[in-house]
file start.cif (mmCIF, C-alpha atoms)
data_run
#
loop_
_atom_site.label_atom_id
_atom_site.label_comp_id
_atom_site.auth_asym_id
_atom_site.auth_seq_id
_atom_site.Cartn_x
_atom_site.Cartn_y
_atom_site.Cartn_z
CA MET R 30 -16.72 25.23 5.48
CA GLN R 31 -12.98 25.81 5.73
CA ARG R 32 -10.91 24.62 2.83
CA SER R 33 -8.48 22.96 5.25
CA ALA R 34 -10.92 20.06 5.63
CA PRO R 35 -9.28 16.70 4.89
CA LEU R 36 -11.84 16.02 2.22
CA ARG R 37 -10.56 19.04 0.36
CA ARG R 38 -7.05 17.82 0.56
CA ALA R 39 -7.41 14.27 -0.59
CA ALA R 40 -4.72 13.69 2.00
CA ALA R 41 -2.62 10.61 1.66
CA LEU R 42 -2.09 8.24 4.51
CA ALA R 43 0.25 5.51 4.09
CA ALA R 44 1.17 2.60 6.31
CA THR R 45 4.39 1.96 8.27
CA ALA R 46 7.79 0.91 6.93
CA LEU R 47 9.27 -2.63 6.78
CA ALA R 48 12.90 -2.62 7.99
CA LEU R 49 14.58 -5.01 5.57
CA LEU R 50 18.11 -6.41 5.66
CA ALA R 51 20.45 -5.51 2.80
CA ALA R 52 19.96 -7.60 -0.33
CA ALA R 53 22.50 -10.35 -0.97
CA THR R 54 24.88 -9.78 -3.90
CA LEU R 55 24.87 -12.27 -6.75
CA THR R 56 28.19 -13.66 -7.93
CA PRO R 57 29.13 -11.64 -11.05
CA TYR R 58 29.68 -13.21 -14.42
CA SER R 59 33.33 -13.68 -15.24
CA ALA R 60 34.82 -11.67 -18.09
CA ASP R 61 37.14 -14.62 -18.77
CA ALA R 62 35.17 -17.43 -20.41
CA SER R 63 37.84 -19.92 -19.42
CA ALA R 64 37.87 -18.93 -15.75
CA ALA R 65 36.37 -21.57 -13.49
CA GLN R 66 34.33 -19.16 -11.40
CA PRO R 67 30.76 -19.58 -10.16
CA ARG R 68 28.24 -17.68 -12.25
CA ALA R 69 24.98 -16.12 -11.19
CA VAL R 70 21.91 -17.88 -12.52
CA ARG R 71 19.46 -15.58 -14.31
CA PHE R 72 15.86 -16.67 -13.89
CA ALA R 73 13.39 -15.99 -16.68
CA ASP R 74 10.44 -13.70 -15.99
CA ASP R 75 7.99 -16.57 -16.35
CA THR R 76 9.96 -18.58 -13.79
CA LEU R 77 9.69 -15.80 -11.23
CA ALA R 78 6.02 -15.31 -12.14
CA ALA R 79 5.43 -19.01 -11.43
CA THR R 80 7.18 -18.62 -8.06
CA MET R 81 4.92 -15.66 -7.23
CA ALA R 82 1.85 -17.66 -8.22
CA THR R 83 2.93 -20.54 -6.00
CA LEU R 84 3.42 -18.22 -3.05
CA ASP R 85 0.11 -16.42 -3.66
CA SER R 86 -1.72 -19.75 -3.52
CA SER R 87 0.17 -21.01 -0.46
CA GLU R 88 -0.95 -21.20 3.16
CA GLN R 89 -1.61 -17.76 4.62
CA ILE R 90 1.06 -16.99 7.20
CA PRO R 91 0.47 -13.54 8.77
CA GLY R 92 3.56 -11.35 8.88
CA THR R 93 4.89 -12.32 5.46
CA ALA R 94 5.22 -10.49 2.15
CA TRP R 95 6.85 -11.13 -1.22
CA VAL R 96 7.69 -9.31 -4.43
CA SER R 97 9.57 -10.16 -7.61
CA ASP R 98 12.76 -8.08 -7.47
CA PRO R 99 14.29 -7.37 -10.92
CA LYS R 100 17.57 -6.25 -9.35
CA SER R 101 18.28 -9.44 -7.42
CA ASN R 102 16.44 -11.54 -10.04
CA LYS R 103 14.62 -13.39 -7.26
CA VAL R 104 11.34 -13.29 -5.41
CA VAL R 105 12.21 -11.60 -2.13
CA VAL R 106 10.18 -12.97 0.79
CA THR R 107 10.00 -10.93 4.00
CA ALA R 108 9.02 -12.33 7.39
CA ASP R 109 8.37 -10.07 10.39
CA PRO R 110 9.26 -10.87 14.06
CA THR R 111 5.96 -12.69 14.64
CA VAL R 112 6.98 -15.42 12.19
CA THR R 113 8.59 -17.89 14.61
CA GLY R 114 8.06 -21.47 15.76
CA GLU R 115 5.42 -23.32 13.76
CA LYS R 116 4.81 -20.30 11.53
CA LEU R 117 8.49 -20.18 10.53
CA THR R 118 8.54 -23.95 10.02
CA SER R 119 5.51 -23.65 7.73
CA LEU R 120 7.11 -20.80 5.80
CA ASN R 121 10.34 -22.71 5.28
CA ALA R 122 8.33 -25.69 4.04
CA VAL R 123 6.72 -23.45 1.41
CA LEU R 124 10.01 -21.87 0.36
CA LYS R 125 12.25 -24.97 0.22
CA PRO R 126 10.78 -26.44 -3.02
CA LEU R 127 11.22 -23.03 -4.72
CA GLY R 128 15.00 -23.24 -4.36
CA ASP R 129 17.15 -20.32 -5.44
CA THR R 130 14.24 -18.42 -6.99
CA VAL R 131 13.41 -17.07 -3.51
CA GLU R 132 15.39 -15.12 -0.94
CA LEU R 133 14.16 -14.85 2.67
CA LYS R 134 14.71 -11.68 4.68
CA ARG R 135 13.64 -10.74 8.21
CA THR R 136 12.33 -7.42 9.47
CA THR R 137 12.60 -6.15 13.04
CA THR R 138 9.13 -4.59 13.12
CA GLU R 139 5.67 -6.09 12.68
CA LEU R 140 3.85 -5.96 9.37
CA LYS R 141 0.32 -4.63 9.89
CA LEU R 142 -2.57 -2.49 8.68
CA PHE R 143 -3.17 1.01 9.97
CA ILE R 144 -6.89 1.64 10.25
CA ARG R 145 -6.09 4.31 12.83
CA GLY R 146 -5.43 6.39 9.77
CA GLY R 147 -4.84 10.11 9.60
CA ASP R 148 -6.69 13.37 10.16
CA ALA R 149 -8.76 13.17 7.01
CA ILE R 150 -11.80 11.05 7.80
CA TYR R 151 -13.38 9.59 10.94
CA GLY R 152 -16.19 7.24 11.83
CA SER R 153 -19.29 9.45 12.05
CA SER R 154 -22.03 9.65 14.68
CA ALA R 155 -23.98 7.20 12.50
CA SER R 156 -21.21 4.59 12.68
CA SER R 157 -21.16 1.86 15.30
CA LEU R 158 -17.36 1.84 15.06
CA ARG R 159 -14.89 4.62 15.74
CA GLY R 160 -11.76 4.89 13.67
CA ARG R 161 -9.61 7.30 11.74
CA CYS R 162 -8.25 6.87 8.22
CA SER R 163 -7.18 9.04 5.31
CA LEU R 164 -8.99 10.12 2.22
CA GLY R 165 -7.01 9.03 -0.80
CA PHE R 166 -8.37 10.78 -3.90
CA ASN R 167 -11.63 12.49 -4.83
CA VAL R 168 -13.35 10.91 -7.82
CA LYS R 169 -16.28 11.39 -10.17
CA ARG R 170 -18.76 8.80 -11.48
CA ALA R 171 -21.04 9.23 -14.48
CA GLY R 172 -24.63 9.70 -13.32
CA LEU R 173 -23.73 9.14 -9.65
CA PRO R 174 -22.65 11.41 -6.77
CA ASP R 175 -19.00 12.33 -6.41
CA ALA R 176 -17.01 10.19 -3.98
CA PHE R 177 -13.61 9.59 -2.47
CA LEU R 178 -11.36 6.54 -2.41
CA THR R 179 -9.70 5.15 0.69
CA ALA R 180 -8.37 1.80 1.90
CA GLY R 181 -10.65 -1.22 1.91
CA HIS R 182 -9.58 -2.11 5.44
CA CYS R 183 -11.00 1.29 6.42
CA GLY R 184 -14.20 1.30 4.34
CA GLY R 185 -15.06 -2.28 5.21
CA PRO R 186 -15.66 -1.93 8.96
CA ILE R 187 -16.59 1.78 8.89
CA LYS R 188 -19.32 2.72 6.41
CA SER R 189 -20.20 6.23 7.58
CA TRP R 190 -17.50 8.94 7.53
CA ALA R 191 -17.21 12.41 9.02
CA GLU R 192 -14.72 15.28 9.20
CA THR R 193 -14.44 14.95 12.98
CA ASP R 194 -14.55 11.98 15.34
CA GLY R 195 -18.23 11.13 15.80
CA GLY R 196 -19.26 14.11 13.69
CA THR R 197 -22.04 14.51 11.14
CA GLU R 198 -21.89 12.07 8.24
CA ILE R 199 -20.49 13.55 5.03
CA ALA R 200 -19.90 10.36 3.00
CA LEU R 201 -21.23 6.82 3.02
CA VAL R 202 -19.73 3.56 1.72
CA PRO R 203 -22.44 1.96 -0.48
CA ALA R 204 -23.22 -1.73 -0.80
CA ASN R 205 -20.30 -3.48 -2.48
CA GLY R 206 -18.25 -0.31 -1.97
CA SER R 207 -15.31 -1.98 -0.26
CA SER R 208 -12.91 -4.79 -1.11
CA PHE R 209 -10.56 -6.35 1.48
CA PRO R 210 -8.71 -8.70 1.71
CA GLY R 211 -7.63 -9.70 -1.77
CA ASP R 212 -7.72 -6.01 -2.71
CA ASP R 213 -7.53 -2.99 -0.40
CA TYR R 214 -9.79 -0.23 -1.69
CA ALA R 215 -13.11 1.39 -0.79
CA LEU R 216 -15.34 4.18 -2.07
CA ALA R 217 -17.43 6.58 0.03
CA ALA R 218 -20.05 8.67 -1.77
CA TYR R 219 -20.82 12.28 -0.94
CA PRO R 220 -24.50 13.29 -0.77
CA ALA R 221 -25.99 14.34 -4.09
CA ALA R 222 -26.36 17.88 -2.77
CA GLY R 223 -24.72 19.87 0.00
CA ALA R 224 -21.41 18.01 -0.01
CA VAL R 225 -18.34 19.60 1.50
CA ALA R 226 -15.85 21.06 -0.96
CA HIS R 227 -13.79 18.24 -2.47
CA PRO R 228 -11.32 19.46 -5.11
CA SER R 229 -8.92 16.99 -6.67
CA GLU R 230 -5.71 17.73 -4.77
CA VAL R 231 -3.37 16.41 -2.09
CA TYR R 232 -2.24 18.41 0.93
CA LEU R 233 1.56 18.75 1.17
CA TYR R 234 1.77 19.76 4.84
CA ASN R 235 3.61 22.98 4.03
CA GLY R 236 0.54 25.16 3.47
CA SER R 237 0.22 24.19 -0.19
CA THR R 238 -1.48 21.50 -2.24
CA GLN R 239 -0.70 19.39 -5.31
CA ALA R 240 -3.39 19.24 -7.98
CA ILE R 241 -4.24 15.69 -9.10
CA THR R 242 -5.40 15.58 -12.71
CA GLY R 243 -5.16 11.91 -13.63
CA ALA R 244 -4.20 8.39 -12.63
CA ARG R 245 -1.80 5.78 -13.96
CA ASP R 246 0.11 2.66 -12.97
CA ALA R 247 3.32 3.04 -10.99
CA VAL R 248 6.68 2.43 -12.65
CA ILE R 249 9.61 0.64 -11.03
CA ASP R 250 12.32 3.02 -9.71
CA GLU R 251 10.24 6.17 -10.25
CA ALA R 252 10.19 8.95 -7.64
CA VAL R 253 6.95 9.18 -5.64
CA GLN R 254 5.48 11.08 -2.68
CA ARG R 255 3.18 10.14 0.16
CA SER R 256 1.26 12.61 2.34
CA GLY R 257 -0.02 11.67 5.78
CA SER R 258 -1.14 13.43 8.94
CA THR R 259 1.13 11.48 11.28
CA THR R 260 4.39 12.08 9.48
CA GLY R 261 3.58 14.76 6.88
CA LEU R 262 5.00 14.60 3.36
CA HIS R 263 7.65 12.00 2.53
CA GLY R 264 9.18 10.81 -0.70
CA GLY R 265 11.07 7.86 -2.11
CA THR R 266 10.98 5.43 -5.00
CA VAL R 267 8.93 2.50 -6.24
CA THR R 268 10.92 -0.64 -5.41
CA GLY R 269 8.52 -3.35 -6.54
CA LEU R 270 5.28 -4.08 -8.39
CA ASN R 271 2.69 -6.83 -7.97
CA ALA R 272 3.75 -7.45 -4.36
CA SER R 273 1.74 -9.70 -2.02
CA VAL R 274 1.32 -9.15 1.73
CA THR R 275 -0.31 -11.44 4.28
CA TYR R 276 -1.69 -9.44 7.21
CA LYS R 277 -3.37 -10.97 10.23
CA GLU R 278 -6.63 -9.93 8.57
CA GLY R 279 -5.86 -11.66 5.26
CA ARG R 280 -3.74 -11.59 2.10
CA VAL R 281 -3.65 -8.70 -0.40
CA THR R 282 -2.03 -9.12 -3.83
CA GLY R 283 -1.00 -6.87 -6.71
CA LEU R 284 0.42 -4.10 -4.52
CA ILE R 285 2.94 -1.35 -5.20
CA GLN R 286 6.03 -1.56 -2.95
CA THR R 287 8.05 1.57 -2.05
CA ASN R 288 10.80 2.72 0.30
CA VAL R 289 8.72 5.71 1.48
CA CYS R 290 8.42 5.74 5.26
CA ALA R 291 5.08 5.88 7.08
CA GLU R 292 3.63 5.33 10.54
CA PRO R 293 0.29 4.49 12.16
CA GLY R 294 -2.08 7.29 11.23
CA ASP R 295 -0.85 7.44 7.63
CA SER R 296 -3.20 4.69 6.38
CA GLY R 297 -5.66 4.87 3.53
CA GLY R 298 -4.38 7.87 1.61
CA ALA R 299 -2.64 8.91 -1.58
CA LEU R 300 0.58 7.82 -3.22
CA PHE R 301 1.28 10.14 -6.14
CA ALA R 302 3.86 11.38 -8.65
CA GLY R 303 3.35 15.00 -9.64
CA THR R 304 -0.23 15.39 -10.86
CA GLN R 305 -0.80 11.64 -11.22
CA ALA R 306 -2.54 9.43 -8.64
CA LEU R 307 -0.79 6.08 -8.18
CA GLY R 308 -2.00 4.26 -5.09
CA LEU R 309 -3.87 4.00 -1.80
CA THR R 310 -1.90 3.13 1.33
CA SER R 311 -2.37 -0.45 2.47
CA GLY R 312 0.22 -1.36 5.11
CA GLY R 313 3.81 -1.97 6.10
CA SER R 314 5.99 -1.83 9.19
CA GLY R 315 8.57 0.41 10.84
CA ASP R 316 8.59 4.17 11.30
CA CYS R 317 10.02 7.43 9.93
CA GLY R 318 12.83 7.54 12.49
CA GLY R 319 15.51 7.07 9.87
CA GLY R 320 15.66 3.29 9.38
CA PRO R 321 14.96 1.34 6.18
CA ALA R 322 11.38 1.68 4.99
CA VAL R 323 9.00 -0.52 3.00
CA THR R 324 5.33 0.32 2.47
CA TYR R 325 2.62 -1.16 0.27
CA TYR R 326 -0.12 0.53 -1.77
CA GLN R 327 -3.25 -0.59 -3.61
CA PRO R 328 -2.93 0.57 -7.26
CA VAL R 329 -5.49 3.33 -7.76
CA THR R 330 -6.20 2.33 -11.37
CA GLU R 331 -7.72 -0.94 -10.17
CA ALA R 332 -9.97 0.88 -7.71
CA LEU R 333 -11.09 3.38 -10.35
CA SER R 334 -11.94 0.55 -12.74
CA ALA R 335 -13.86 -1.36 -10.07
CA PHE R 336 -16.12 1.63 -9.36
CA GLY R 337 -16.32 3.10 -12.87
CA ALA R 338 -14.74 6.28 -11.52
CA THR R 339 -12.31 8.91 -12.74
CA ILE R 340 -10.06 11.33 -10.88
CA GLY R 341 -11.80 14.67 -10.36
#

call {"tool": "encode", "arguments": {"input": "start.cif", "output": "structure tokens"}}
result
Amino acid sequence: MQRSAPLRRAAALAATALALLAAATLTPYSADASAAQPRAVRFADDTLAATMATLDSSEQIPGTAWVSDPKSNKVVVTADPTVTGEKLTSLNAVLKPLGDTVELKRTTTELKLFIRGGDAIYGSSASSLRGRCSLGFNVKRAGLPDAFLTAGHCGGPIKSWAETDGGTEIALVPANGSSFPGDDYALAAYPAAGAVAHPSEVYLYNGSTQAITGARDAVIDEAVQRSGSTTGLHGGTVTGLNASVTYKEGRVTGLIQTNVCAEPGDSGGALFAGTQALGLTSGGSGDCGGGPAVTYYQPVTEALSAFGATIG
């Protein structure tokens, strides 16, 4: 089998970018203690955490997302173009009691999942559903067959995966092998024998690969990369942690937020920094045409812990 197979690459597919408006600037503190100037209010971490908890337990309004932003010292709430009429009225009713701890922004493109995925994995001939997603990372499990991780919104509806659309099954999602919504991760196990080659690496879409030797949690403001078959390799920074997104299909919490662009076909794959696996693409909105980008990723450490797996 050719080594260009997506399962060899652990190719990353991310979701599309949210086009956000520029963040509002807080009034600076005055250097003159006697000056009668308005001062910015600094909210404590536990105050913002309580705001996040309130939002996470609120009515599910598809097309909304929120994250605690340390730079603005607020919980930034994003609403896409579908949030109008009664949905917008409901959202405003949730936000009003939270006062200045929240800041509402609008995006011009819809927030959604991208089960269409990339070129890495497809629904097999044994699957009743056809779809295309990306393999995130290859993993090992003690006493069990090797496997790969992908998005839960991929591995939930499609259990049997192939290298080509409708092709021979090469990996199968076991019972309890997928979690979505709430989380967004899934595991598909290779057969005990005769599996395709599946080294621990990510394809960089320039003829080379990046070895993946471990996994860790993302860090705010760090540089990251995302590899996907629709848009190739793109980079950016982590802009938020513990973000929550409400898709039409349900709410997912605890996500990594970045400004890396992505488009439909980039879903389910790897977010990484050097040799370290960070996340699995969940969703977002926008495109890679040059506008502002926001995408969301399931932390890979949570998925590894859930399945008792390690990168390998």

call {"tool": "resolve_selection", "arguments": {"input": "start.cif", "expression": "the PyMOL selection byres ((chain R and resi 205-210) around 10)", "output": "VMD selection string"}}
result
chain R and resid 178 to 188 201 to 204 211 to 218 275 to 276 278 to 282 332 335 to 336

call {"tool": "closest_atom_pairs", "arguments": {"input": "start.cif", "of": "segment 107-211 of chain R", "to": "segment 298-322 of chain R", "cutoff": "12 Å", "atoms": "only C-alpha atoms", "output": "tab-separated table"}}
result
residue	atom	partner	partner_atom	distance
R:Thr107	CA	R:Gly313	CA	11.1
R:Ala108	CA	R:Ser314	CA	11.1
R:Asp109	CA	R:Ser314	CA	8.7
R:Pro110	CA	R:Ser314	CA	10.8
R:Arg135	CA	R:Ser314	CA	11.8
R:Thr136	CA	R:Ser314	CA	8.5
R:Thr137	CA	R:Gly315	CA	8.0
R:Thr138	CA	R:Gly315	CA	5.5
R:Glu139	CA	R:Ser314	CA	5.5
R:Leu140	CA	R:Ser314	CA	4.7
R:Lys141	CA	R:Gly312	CA	5.8
R:Leu142	CA	R:Gly312	CA	4.7
R:Phe143	CA	R:Gly312	CA	6.4
R:Ile144	CA	R:Ser311	CA	9.2
R:Arg145	CA	R:Gly312	CA	11.5
R:Gly146	CA	R:Gly298	CA	8.4
R:Gly147	CA	R:Gly298	CA	8.3
R:Asp148	CA	R:Gly298	CA	10.4
R:Ala149	CA	R:Gly298	CA	8.7
R:Ile150	CA	R:Gly298	CA	10.2
R:Arg161	CA	R:Gly298	CA	11.4
R:Cys162	CA	R:Gly298	CA	7.7
R:Ser163	CA	R:Gly298	CA	4.8
R:Leu164	CA	R:Gly298	CA	5.2
R:Gly165	CA	R:Gly298	CA	3.8
R:Phe166	CA	R:Ala299	CA	6.5
R:Asn167	CA	R:Ala299	CA	10.2
R:Val168	CA	R:Ala306	CA	10.9
R:Phe177	CA	R:Gly298	CA	10.2
R:Leu178	CA	R:Leu309	CA	7.9
R:Thr179	CA	R:Gly298	CA	6.0
R:Ala180	CA	R:Leu309	CA	6.2
R:Gly181	CA	R:Ser311	CA	8.3
R:His182	CA	R:Ser311	CA	8.0
R:Cys183	CA	R:Ser311	CA	9.6
R:Ser208	CA	R:Ser311	CA	11.9
R:Phe209	CA	R:Ser311	CA	10.1
R:Pro210	CA	R:Ser311	CA	10.4
R:Gly211	CA	R:Ser311	CA	11.5

call {"tool": "atom_distance", "arguments": {"input": "start.cif", "atom1": "atom CA of Ile285 of chain R", "atom2": "atom CA of Asp175 of chain R"}}
result
25.9 Å

call {"tool": "atom_distance", "arguments": {"input": "start.cif", "atom1": "atom CA of Gly269 of chain R", "atom2": "atom CA of Val248 of chain R"}}
result
8.6 Å

call {"tool": "residues_around", "arguments": {"input": "start.cif", "residues": "Ala252 of chain R", "least_positions_apart": "5", "cutoff": "7 Å", "atoms": "only C-alpha atoms", "output": "list of chain:residue names"}}
result
R:Gly265, R:Thr266, R:Val267, R:Ala302

call {"tool": "atom_distance", "arguments": {"input": "start.cif", "atom1": "atom CA of Thr287 of chain R", "atom2": "atom CA of Gly92 of chain R"}}
result
17.5 Å

call {"tool": "resolve_selection", "arguments": {"input": "start.cif", "expression": "the PyMOL selection byres ((chain R and resi 103) around 12)", "output": "ChimeraX atom specification"}}
result
/R:52-55,69-81,95-102,104-106,127-133,269

call {"tool": "closest_residue", "arguments": {"input": "start.cif", "among": "R:Arg255, R:Lys169, R:Lys116, R:Lys277", "to": "Ala291 of chain R", "atoms": "all atoms listed in the file"}}
result
R:Arg255

call {"tool": "resolve_selection", "arguments": {"input": "start.cif", "expression": "the PyMOL selection byres ((chain R and resi 153) around 9)", "output": "PyMOL selection string"}}
result
chain R and resi 150-152+154-160+187-199

call {"tool": "residues_around", "arguments": {"input": "start.cif", "residues": "Glu88 of chain R", "least_positions_apart": "4", "cutoff": "10 Å", "atoms": "all atoms listed in the file", "output": "PyMOL selection string"}}
result
chain R and resi 83-84+119-120+123+275

call {"tool": "residues_near_point", "arguments": {"input": "start.cif", "point": "(8.2, 10.4, 0.3)", "cutoff": "7 Å", "atoms": "all atoms listed in the file", "output": "MDAnalysis selection string"}}
result
chainID R and resid 253:255 262:265 289:290

call {"tool": "write_last_selection", "arguments": {"input": "start.cif", "atoms": "C-alpha atoms", "output": "CSV table (one decimal), in the coordinates of the input"}}
result
chain,number,residue,atom,x,y,z
R,253,VAL,CA,7.0,9.2,-5.6
R,254,GLN,CA,5.5,11.1,-2.7
R,255,ARG,CA,3.2,10.1,0.2
R,262,LEU,CA,5.0,14.6,3.4
R,263,HIS,CA,7.6,12.0,2.5
R,264,GLY,CA,9.2,10.8,-0.7
R,265,GLY,CA,11.1,7.9,-2.1
R,289,VAL,CA,8.7,5.7,1.5
R,290,CYS,CA,8.4,5.7,5.3

call {"tool": "closest_residue", "arguments": {"input": "start.cif", "among": "R:Gly294, R:Gly261, R:Gly341, R:Ala244", "to": "Val329 of chain R", "atoms": "only C-alpha atoms"}}
result
R:Ala244

call {"tool": "closest_residue", "arguments": {"input": "start.cif", "among": "R:Pro220, R:Tyr326, R:Pro228, R:Leu270", "to": "Thr242 of chain R", "atoms": "all atoms listed in the file"}}
result
R:Pro228

call {"tool": "closest_residue", "arguments": {"input": "start.cif", "among": "R:Ile249, R:Leu333, R:Ala176, R:Ile241", "to": "Ala224 of chain R", "atoms": "only C-alpha atoms"}}
result
R:Ala176

call {"tool": "closest_residue", "arguments": {"input": "start.cif", "among": "R:Thr111, R:Ser334, R:Ser87, R:Asn288", "to": "Ser273 of chain R", "atoms": "only C-alpha atoms"}}
result
R:Ser87
